[in-house]
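Peer 1: Enclosed is the structure file protein21.pdb (PDB, C-alpha atoms).
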ATOM      1  CA  VAL A   1      96.426  93.324 136.410  1.00  0.00           C
ATOM      2  CA  LEU A   2      97.054  90.468 133.976  1.00  0.00           C
ATOM      3  CA  THR A   3      93.437  89.326 133.612  1.00  0.00           C
ATOM      4  CA  ASN A   4      92.706  91.261 130.414  1.00  0.00           C
ATOM      5  CA  LEU A   5      96.208  91.662 129.017  1.00  0.00           C
ATOM      6  CA  GLY A   6      95.602  89.806 125.738  1.00  0.00           C
ATOM      7  CA  ALA A   7      92.524  91.885 124.918  1.00  0.00           C
ATOM      8  CA  ASN A   8      94.369  95.120 125.698  1.00  0.00           C
ATOM      9  CA  ILE A   9      97.257  94.122 123.434  1.00  0.00           C
ATOM     10  CA  ARG A  10      94.849  93.354 120.560  1.00  0.00           C
ATOM     11  CA  ARG A  11      93.015  96.640 121.122  1.00  0.00           C
ATOM     12  CA  VAL A  12      96.231  98.676 121.047  1.00  0.00           C
ATOM     13  CA  GLU A  13      97.524  96.829 117.959  1.00  0.00           C
ATOM     14  CA  LYS A  14      94.228  97.511 116.166  1.00  0.00           C
ATOM     15  CA  ARG A  15      94.436 101.206 117.096  1.00  0.00           C
ATOM     16  CA  ILE A  16      98.040 101.434 115.852  1.00  0.00           C
ATOM     17  CA  ALA A  17      97.031  99.844 112.543  1.00  0.00           C
ATOM     18  CA  GLU A  18      94.122 102.305 112.247  1.00  0.00           C
ATOM     19  CA  LEU A  19      96.362 105.305 112.875  1.00  0.00           C
ATOM     20  CA  SER A  20      98.951 104.028 110.393  1.00  0.00           C
ATOM     21  CA  LYS A  21      96.493 104.142 107.473  1.00  0.00           C
ATOM     22  CA  PRO A  22      97.265 106.793 104.860  1.00  0.00           C
ATOM     23  CA  VAL A  23      95.295 110.038 104.913  1.00  0.00           C
ATOM     24  CA  PRO A  24      92.257 109.810 102.588  1.00  0.00           C
ATOM     25  CA  ASP A  25      92.619 111.258  99.106  1.00  0.00           C
ATOM     26  CA  PHE A  26      91.092 114.720  99.469  1.00  0.00           C
ATOM     27  CA  ALA A  27      91.797 118.007  97.798  1.00  0.00           C
ATOM     28  CA  PRO A  28      93.576 120.175 100.376  1.00  0.00           C
ATOM     29  CA  ILE A  29      91.215 123.110  99.905  1.00  0.00           C
ATOM     30  CA  LEU A  30      87.591 123.472  98.752  1.00  0.00           C
ATOM     31  CA  ASP A  31      86.823 127.134  98.217  1.00  0.00           C
ATOM     32  CA  GLY A  32      83.164 128.072  97.932  1.00  0.00           C
ATOM     33  CA  GLY A  33      83.678 131.832  97.755  1.00  0.00           C
ATOM     34  CA  TRP A  34      82.489 132.695 101.262  1.00  0.00           C
ATOM     35  CA  PHE A  35      83.509 129.406 102.892  1.00  0.00           C
ATOM     36  CA  ARG A  36      86.597 127.205 102.778  1.00  0.00           C
ATOM     37  CA  ILE A  37      87.156 123.573 103.684  1.00  0.00           C
ATOM     38  CA  VAL A  38      90.758 122.737 104.511  1.00  0.00           C
ATOM     39  CA  THR A  39      92.487 119.619 105.766  1.00  0.00           C
ATOM     40  CA  ARG A  40      94.453 120.215 108.961  1.00  0.00           C
ATOM     41  CA  ALA A  41      96.672 117.125 109.148  1.00  0.00           C
ATOM     42  CA  GLU A  42      98.574 118.437 112.182  1.00  0.00           C
ATOM     43  CA  ILE A  43      95.412 118.191 114.289  1.00  0.00           C
ATOM     44  CA  ASN A  44      93.916 115.303 112.249  1.00  0.00           C
ATOM     45  CA  ARG A  45      90.822 117.332 111.344  1.00  0.00           C
ATOM     46  CA  ILE A  46      88.953 118.846 108.426  1.00  0.00           C
ATOM     47  CA  ALA A  47      88.178 122.506 109.093  1.00  0.00           C
ATOM     48  CA  LEU A  48      85.288 124.499 107.619  1.00  0.00           C
ATOM     49  CA  THR A  49      85.668 128.272 107.965  1.00  0.00           C
ATOM     50  CA  CYS A  50      83.177 130.911 106.849  1.00  0.00           C
ATOM     51  CA  ASP A  51      83.519 134.621 106.087  1.00  0.00           C
ATOM     52  CA  ARG A  52      79.981 135.276 107.307  1.00  0.00           C
ATOM     53  CA  ARG A  53      77.405 133.601 109.511  1.00  0.00           C
ATOM     54  CA  VAL A  54      75.692 130.571 108.054  1.00  0.00           C
ATOM     55  CA  SER A  55      71.904 130.490 107.913  1.00  0.00           C
ATOM     56  CA  ALA A  56      69.982 128.767 110.677  1.00  0.00           C
ATOM     57  CA  GLU A  57      69.087 125.895 108.325  1.00  0.00           C
ATOM     58  CA  SER A  58      72.714 125.364 107.280  1.00  0.00           C
ATOM     59  CA  TYR A  59      73.868 125.582 110.893  1.00  0.00           C
ATOM     60  CA  ALA A  60      71.296 122.965 111.899  1.00  0.00           C
ATOM     61  CA  TYR A  61      72.492 120.737 109.036  1.00  0.00           C
ATOM     62  CA  LEU A  62      76.140 121.068 110.115  1.00  0.00           C
ATOM     63  CA  LYS A  63      75.325 120.192 113.725  1.00  0.00           C
ATOM     64  CA  ARG A  64      73.082 117.288 112.677  1.00  0.00           C
ATOM     65  CA  SER A  65      75.724 115.828 110.389  1.00  0.00           C
ATOM     66  CA  GLY A  66      78.405 115.870 113.081  1.00  0.00           C
ATOM     67  CA  TRP A  67      80.419 119.064 112.528  1.00  0.00           C
ATOM     68  CA  ARG A  68      81.499 120.598 115.822  1.00  0.00           C
ATOM     69  CA  GLY A  69      82.326 124.240 116.381  1.00  0.00           C
ATOM     70  CA  SER A  70      85.770 125.006 117.769  1.00  0.00           C
ATOM     71  CA  PRO A  71      86.304 128.492 119.182  1.00  0.00           C
ATOM     72  CA  THR A  72      90.031 127.743 119.468  1.00  0.00           C
ATOM     73  CA  GLU A  73      90.361 126.972 115.752  1.00  0.00           C
ATOM     74  CA  GLY A  74      87.650 129.415 114.678  1.00  0.00           C
ATOM     75  CA  ALA A  75      86.055 126.756 112.496  1.00  0.00           C
ATOM     76  CA  PHE A  76      83.729 123.785 112.354  1.00  0.00           C
ATOM     77  CA  LEU A  77      85.766 120.579 112.639  1.00  0.00           C
ATOM     78  CA  TRP A  78      85.372 116.965 111.574  1.00  0.00           C
ATOM     79  CA  ASN A  79      87.804 114.040 111.957  1.00  0.00           C
ATOM     80  CA  LEU A  80      90.165 113.583 109.021  1.00  0.00           C
ATOM     81  CA  ASN A  81      88.916 110.246 107.716  1.00  0.00           C
ATOM     82  CA  GLU A  82      86.875 108.931 104.804  1.00  0.00           C
ATOM     83  CA  ARG A  83      83.535 109.775 106.385  1.00  0.00           C
ATOM     84  CA  GLY A  84      84.830 113.270 107.097  1.00  0.00           C
ATOM     85  CA  VAL A  85      85.680 113.657 103.411  1.00  0.00           C
ATOM     86  CA  ARG A  86      82.137 112.675 102.436  1.00  0.00           C
ATOM     87  CA  GLU A  87      80.664 115.042 105.030  1.00  0.00           C
ATOM     88  CA  ALA A  88      82.897 117.866 103.751  1.00  0.00           C
ATOM     89  CA  ARG A  89      81.630 117.378 100.206  1.00  0.00           C
ATOM     90  CA  ASP A  90      78.029 117.257 101.429  1.00  0.00           C
ATOM     91  CA  ALA A  91      78.517 120.386 103.548  1.00  0.00           C
ATOM     92  CA  ALA A  92      80.045 122.199 100.556  1.00  0.00           C
ATOM     93  CA  ALA A  93      76.969 121.329  98.510  1.00  0.00           C
ATOM     94  CA  VAL A  94      74.599 122.571 101.240  1.00  0.00           C
ATOM     95  CA  LEU A  95      76.543 125.805 101.812  1.00  0.00           C
ATOM     96  CA  GLY A  96      76.851 126.335  98.047  1.00  0.00           C
ATOM     97  CA  ARG A  97      73.059 126.236  97.714  1.00  0.00           C
ATOM     98  CA  GLU A  98      72.780 128.860 100.448  1.00  0.00           C
ATOM     99  CA  VAL A  99      74.389 131.481  98.162  1.00  0.00           C
ATOM    100  CA  ALA A 100      71.901 130.681  95.378  1.00  0.00           C
ATOM    101  CA  SER A 101      68.876 131.101  97.630  1.00  0.00           C
TER     102      SER A 101
END
If you convert what's in this file into structure tokens, what do you get?
Peer 2:
Amino acid sequence: VLTNLGANIRRVEKRIAELSKPVPDFAPILDGGWFRIVTRAEINRIALTCDRRVSAESYAYLKRSGWRGSPTEGAFLWNLNERGVREARDAAAVLGREVAS
């Protein structure tokens, strides 16, 4: 039981420090007309909701870039962290081009 105690303590301390970091600076809502990107701090996620179905190309992009569909939330979700903020901005750009085409 005590063989790996030091490593477990360091791992837990590192995880606590990671969770104690402030939430990244991100506008609470990006509204693209037919889609919205919202931070959901209570579940530690960024949620992308759409009023209509996304095109097959946009859907493939979302899946490739790491967004995961959540039937419970009714949205695509990404972890609320700095990479998630970048992915949200990229997804907004891709979905914004979909309206133009």
Peer 1: Which residues are close to range 43-52 of chain A, i.e. within 8 Å by all atoms listed in the file, leaving aside same-chain residues fewer than 2 positions away? Reply as a list in words.
Peer 2: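 Neighbouring residues, sequence-local ones excluded: Trp34, Phe35, Arg36, Ile37, Val38, Thr39, Arg40, Ala41, Val54, Gly74, Ala75, Phe76, Leu77, Trp78, Asn79, Leu80, Gly84, Val85 and Ala88 of chain A.
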Peer 1: Rounded to one decimal place, report the CA of Glu73 in chain A-CA of Arg15 in chain A distance in Å.
Peer 2: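 According to the coordinates, CA of Glu73 in chain A and CA of Arg15 in chain A are separated by 26.1 Å.
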Peer 1: Taking the file as shown, what set of residues would the PyMOL selection byres ((chain A and resi 65) around 12) give back, as a PyMOL selection string?
Peer 2: chain A and resi 58-64+66-68+76-78+83-84+86-91+94
Peer 1: I need the chosen residues saved as a PDB file, in the coordinates of the input, with C-alpha atoms.
Peer 2:
ATOM      1  CA  SER A  58      72.714 125.364 107.280  1.00  0.00           C
ATOM      2  CA  TYR A  59      73.868 125.582 110.893  1.00  0.00           C
ATOM      3  CA  ALA A  60      71.296 122.965 111.899  1.00  0.00           C
ATOM      4  CA  TYR A  61      72.492 120.737 109.036  1.00  0.00           C
ATOM      5  CA  LEU A  62      76.140 121.068 110.115  1.00  0.00           C
ATOM      6  CA  LYS A  63      75.325 120.192 113.725  1.00  0.00           C
ATOM      7  CA  ARG A  64      73.082 117.288 112.677  1.00  0.00           C
ATOM      8  CA  GLY A  66      78.405 115.870 113.081  1.00  0.00           C
ATOM      9  CA  TRP A  67      80.419 119.064 112.528  1.00  0.00           C
ATOM     10  CA  ARG A  68      81.499 120.598 115.822  1.00  0.00           C
ATOM     11  CA  PHE A  76      83.729 123.785 112.354  1.00  0.00           C
ATOM     12  CA  LEU A  77      85.766 120.579 112.639  1.00  0.00           C
ATOM     13  CA  TRP A  78      85.372 116.965 111.574  1.00  0.00           C
ATOM     14  CA  ARG A  83      83.535 109.775 106.385  1.00  0.00           C
ATOM     15  CA  GLY A  84      84.830 113.270 107.097  1.00  0.00           C
ATOM     16  CA  ARG A  86      82.137 112.675 102.436  1.00  0.00           C
ATOM     17  CA  GLU A  87      80.664 115.042 105.030  1.00  0.00           C
ATOM     18  CA  ALA A  88      82.897 117.866 103.751  1.00  0.00           C
ATOM     19  CA  ARG A  89      81.630 117.378 100.206  1.00  0.00           C
ATOM     20  CA  ASP A  90      78.029 117.257 101.429  1.00  0.00           C
ATOM     21  CA  ALA A  91      78.517 120.386 103.548  1.00  0.00           C
ATOM     22  CA  VAL A  94      74.599 122.571 101.240  1.00  0.00           C
TER      23      VAL A  94
END
Peer 1: Quick one: pull the distance between CA of Asp31 in chain A and CA of Ser55 in chain A, Å, one decimal.
Peer 2: 18.1 Å
Peer 1: Please determine the residues with any atom at most 10 Å from (77.5, 130.5, 97.2) (coordinates as given in the file, with all atoms listed in the file counting) and report them as an MDAnalysis selection string.
Peer 2: chainID A and resid 31:35 92:101
